[in-house]
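**Q** This is the structure I want to talk about, given as structure tokens.
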Amino acid sequence: MGVALRSEYLSYKLTPYPLPTKDGGVLRTIGDVSAYLQALPKTRAQRAHWQHAGWLLLNEVRPEALTRQVQVALFMDGKLDDSAFRPLSNARRMRRHAVAS
């Protein structure tokens with residue numbers, strides 16, 4: 001990538017939740033996404049879903065939009081850890097329900 005992104009942008013948390021990967025990692029911030037993209041093998045990095053994620057990152061789009069695209073890209077590559085992902089999204093729903101009560 002080679003483009004310097006603002007450190008403030010890199011520190012933003014992925015929204016609405018972090019994205020667990022099947023390699024045991026968890027993408028929590030935009031900086032994590034940036035590092036993940038830079039470490040992708042060339043064959044994966046050239047796929048349209050990762051190219052789009054890279055474009056969103058370079059254009060410093062809202063964290064929600066980037067999170068969604070990275071989630072799609074991880075899913076398309078079979079790298080989204082659904083078993084870890086479900087408890088994260090369920091916990092978020094439970095918090096939302098508790099606040100609404």
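Starting from 1 in every chain, residues are counted up; chains themselves are A, B, ... following the order of the structure tokens, and ligands are numbered from 1 as listed.
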What's the 9 Å shell around region 20-37 of chain A, counting only C-alpha atoms, without same-chain residues fewer than 6 positions away, as a PyMOL selection string?
**A** chain A and resi 1+7+9-14+45+50+53-54+57+63+66-67+70+74+78-85
**Q** Just to be explicit: take each residue in the selection above, keep C-alpha atoms, and write the result as a PDB file, in the first residue's frame.
**A**
```pdb
ATOM      1  CA  MET A   1       0.000   0.000   0.000  1.00  0.00           C
ATOM      2  CA  SER A   7      -2.863   7.665  13.121  1.00  0.00           C
ATOM      3  CA  TYR A   9      -8.008   7.004  11.681  1.00  0.00           C
ATOM      4  CA  LEU A  10      -5.947   3.859  12.285  1.00  0.00           C
ATOM      5  CA  SER A  11      -6.937   3.906  15.958  1.00  0.00           C
ATOM      6  CA  TYR A  12     -10.696   3.832  15.262  1.00  0.00           C
ATOM      7  CA  LYS A  13     -12.402   0.654  16.390  1.00  0.00           C
ATOM      8  CA  LEU A  14     -14.168  -1.554  13.895  1.00  0.00           C
ATOM      9  CA  ALA A  45      -4.881  -9.280  -2.087  1.00  0.00           C
ATOM     10  CA  TRP A  50      -9.908  -7.135  -0.852  1.00  0.00           C
ATOM     11  CA  ALA A  53     -11.507  -3.013   1.213  1.00  0.00           C
ATOM     12  CA  GLY A  54      -8.131  -1.461   0.383  1.00  0.00           C
ATOM     13  CA  LEU A  57      -9.149   2.075   3.765  1.00  0.00           C
ATOM     14  CA  PRO A  63     -15.401   2.513  10.296  1.00  0.00           C
ATOM     15  CA  LEU A  66     -14.857  -0.637   6.232  1.00  0.00           C
ATOM     16  CA  THR A  67     -15.879  -3.184   8.881  1.00  0.00           C
ATOM     17  CA  VAL A  70     -13.710  -6.620   5.601  1.00  0.00           C
ATOM     18  CA  LEU A  74     -13.082 -12.567   5.241  1.00  0.00           C
ATOM     19  CA  GLY A  78     -13.432 -18.586   4.306  1.00  0.00           C
ATOM     20  CA  LYS A  79     -11.366 -16.768   6.914  1.00  0.00           C
ATOM     21  CA  LEU A  80     -14.115 -15.290   9.117  1.00  0.00           C
ATOM     22  CA  ASP A  81     -14.287 -17.283  12.342  1.00  0.00           C
ATOM     23  CA  ASP A  82     -18.045 -17.705  12.652  1.00  0.00           C
ATOM     24  CA  SER A  83     -17.746 -19.696  15.874  1.00  0.00           C
ATOM     25  CA  ALA A  84     -16.054 -16.737  17.579  1.00  0.00           C
ATOM     26  CA  PHE A  85     -18.119 -14.187  15.674  1.00  0.00           C
TER      27      PHE A  85
END
```
**Q** Would you give me, as a list of chain:residue names, the residues in region 7-48 of chain A that DSSP reads as strand (DSSP E)?
**A**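 So, restricting region 7-48 of chain A to strand (DSSP E), we get A:Leu19, A:Pro20, A:Val26, A:Leu27.
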**Q** Could you tell me how far CA of Leu19 (chain A) lies from CA of Gln71 (chain A), in Å and to one decimal?
**A**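 That distance, rounded to one decimal, is 6.8 Å.
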**Q** As a PyMOL selection string, please: every residue in chain A that a backbone DSSP assignment puts in helix (DSSP H, G or I).
**A** chain A and resi 7-10+30-39+42-45+48-58+63-76+82-100
**Q** How would the residues just chosen look if you wrote them out with C-alpha atoms as a PDB file, in the first residue's frame?
**A**
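Contents of out_19.pdb, freshly written:
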```
ATOM      1  CA  SER A   7      -2.863   7.665  13.121  1.00  0.00           C
ATOM      2  CA  GLU A   8      -6.208   8.907  14.450  1.00  0.00           C
ATOM      3  CA  TYR A   9      -8.008   7.004  11.681  1.00  0.00           C
ATOM      4  CA  LEU A  10      -5.947   3.859  12.285  1.00  0.00           C
ATOM      5  CA  ILE A  30      -8.643   0.059  11.411  1.00  0.00           C
ATOM      6  CA  GLY A  31      -4.908  -0.272  12.077  1.00  0.00           C
ATOM      7  CA  ASP A  32      -5.412  -4.025  12.471  1.00  0.00           C
ATOM      8  CA  VAL A  33      -7.180  -4.085   9.097  1.00  0.00           C
ATOM      9  CA  SER A  34      -4.331  -2.143   7.523  1.00  0.00           C
ATOM     10  CA  ALA A  35      -1.756  -4.602   8.865  1.00  0.00           C
ATOM     11  CA  TYR A  36      -3.892  -7.563   7.782  1.00  0.00           C
ATOM     12  CA  LEU A  37      -4.226  -6.186   4.248  1.00  0.00           C
ATOM     13  CA  GLN A  38      -0.487  -5.596   3.995  1.00  0.00           C
ATOM     14  CA  ALA A  39       0.213  -9.174   5.090  1.00  0.00           C
ATOM     15  CA  LYS A  42      -0.640 -11.488  -3.400  1.00  0.00           C
ATOM     16  CA  THR A  43      -3.247 -13.913  -4.771  1.00  0.00           C
ATOM     17  CA  ARG A  44      -5.728 -12.991  -2.004  1.00  0.00           C
ATOM     18  CA  ALA A  45      -4.881  -9.280  -2.087  1.00  0.00           C
ATOM     19  CA  ALA A  48     -12.028  -7.822  -5.852  1.00  0.00           C
ATOM     20  CA  HIS A  49     -13.350  -7.929  -2.281  1.00  0.00           C
ATOM     21  CA  TRP A  50      -9.908  -7.135  -0.852  1.00  0.00           C
ATOM     22  CA  GLN A  51      -9.234  -4.516  -3.517  1.00  0.00           C
ATOM     23  CA  HIS A  52     -12.445  -2.790  -2.474  1.00  0.00           C
ATOM     24  CA  ALA A  53     -11.507  -3.013   1.213  1.00  0.00           C
ATOM     25  CA  GLY A  54      -8.131  -1.461   0.383  1.00  0.00           C
ATOM     26  CA  TRP A  55      -9.814   1.349  -1.541  1.00  0.00           C
ATOM     27  CA  LEU A  56     -12.126   2.053   1.411  1.00  0.00           C
ATOM     28  CA  LEU A  57      -9.149   2.075   3.765  1.00  0.00           C
ATOM     29  CA  LEU A  58      -7.117   4.449   1.616  1.00  0.00           C
ATOM     30  CA  PRO A  63     -15.401   2.513  10.296  1.00  0.00           C
ATOM     31  CA  GLU A  64     -18.831   0.912   9.786  1.00  0.00           C
ATOM     32  CA  ALA A  65     -18.395   0.731   6.010  1.00  0.00           C
ATOM     33  CA  LEU A  66     -14.857  -0.637   6.232  1.00  0.00           C
ATOM     34  CA  THR A  67     -15.879  -3.184   8.881  1.00  0.00           C
ATOM     35  CA  ARG A  68     -18.686  -4.475   6.685  1.00  0.00           C
ATOM     36  CA  GLN A  69     -16.450  -4.841   3.629  1.00  0.00           C
ATOM     37  CA  VAL A  70     -13.710  -6.620   5.601  1.00  0.00           C
ATOM     38  CA  GLN A  71     -16.334  -8.927   7.087  1.00  0.00           C
ATOM     39  CA  VAL A  72     -17.527  -9.761   3.556  1.00  0.00           C
ATOM     40  CA  ALA A  73     -13.940 -10.265   2.333  1.00  0.00           C
ATOM     41  CA  LEU A  74     -13.082 -12.567   5.241  1.00  0.00           C
ATOM     42  CA  PHE A  75     -16.282 -14.518   4.629  1.00  0.00           C
ATOM     43  CA  MET A  76     -15.595 -14.800   0.881  1.00  0.00           C
ATOM     44  CA  ASP A  82     -18.045 -17.705  12.652  1.00  0.00           C
ATOM     45  CA  SER A  83     -17.746 -19.696  15.874  1.00  0.00           C
ATOM     46  CA  ALA A  84     -16.054 -16.737  17.579  1.00  0.00           C
ATOM     47  CA  PHE A  85     -18.119 -14.187  15.674  1.00  0.00           C
ATOM     48  CA  ARG A  86     -21.539 -15.320  16.928  1.00  0.00           C
ATOM     49  CA  PRO A  87     -20.844 -14.682  20.645  1.00  0.00           C
ATOM     50  CA  LEU A  88     -19.530 -11.200  19.791  1.00  0.00           C
ATOM     51  CA  SER A  89     -22.671 -10.256  17.882  1.00  0.00           C
ATOM     52  CA  ASN A  90     -24.935 -11.921  20.482  1.00  0.00           C
ATOM     53  CA  ALA A  91     -23.249  -9.973  23.285  1.00  0.00           C
ATOM     54  CA  ARG A  92     -23.892  -6.766  21.375  1.00  0.00           C
ATOM     55  CA  ARG A  93     -27.576  -7.650  20.947  1.00  0.00           C
ATOM     56  CA  MET A  94     -27.861  -8.457  24.656  1.00  0.00           C
ATOM     57  CA  ARG A  95     -26.315  -5.089  25.607  1.00  0.00           C
ATOM     58  CA  ARG A  96     -28.704  -3.291  23.261  1.00  0.00           C
ATOM     59  CA  HIS A  97     -31.667  -5.159  24.782  1.00  0.00           C
ATOM     60  CA  ALA A  98     -30.534  -4.330  28.352  1.00  0.00           C
ATOM     61  CA  VAL A  99     -30.249  -0.634  27.489  1.00  0.00           C
ATOM     62  CA  ALA A 100     -33.709  -0.621  25.890  1.00  0.00           C
TER      63      ALA A 100
END
```
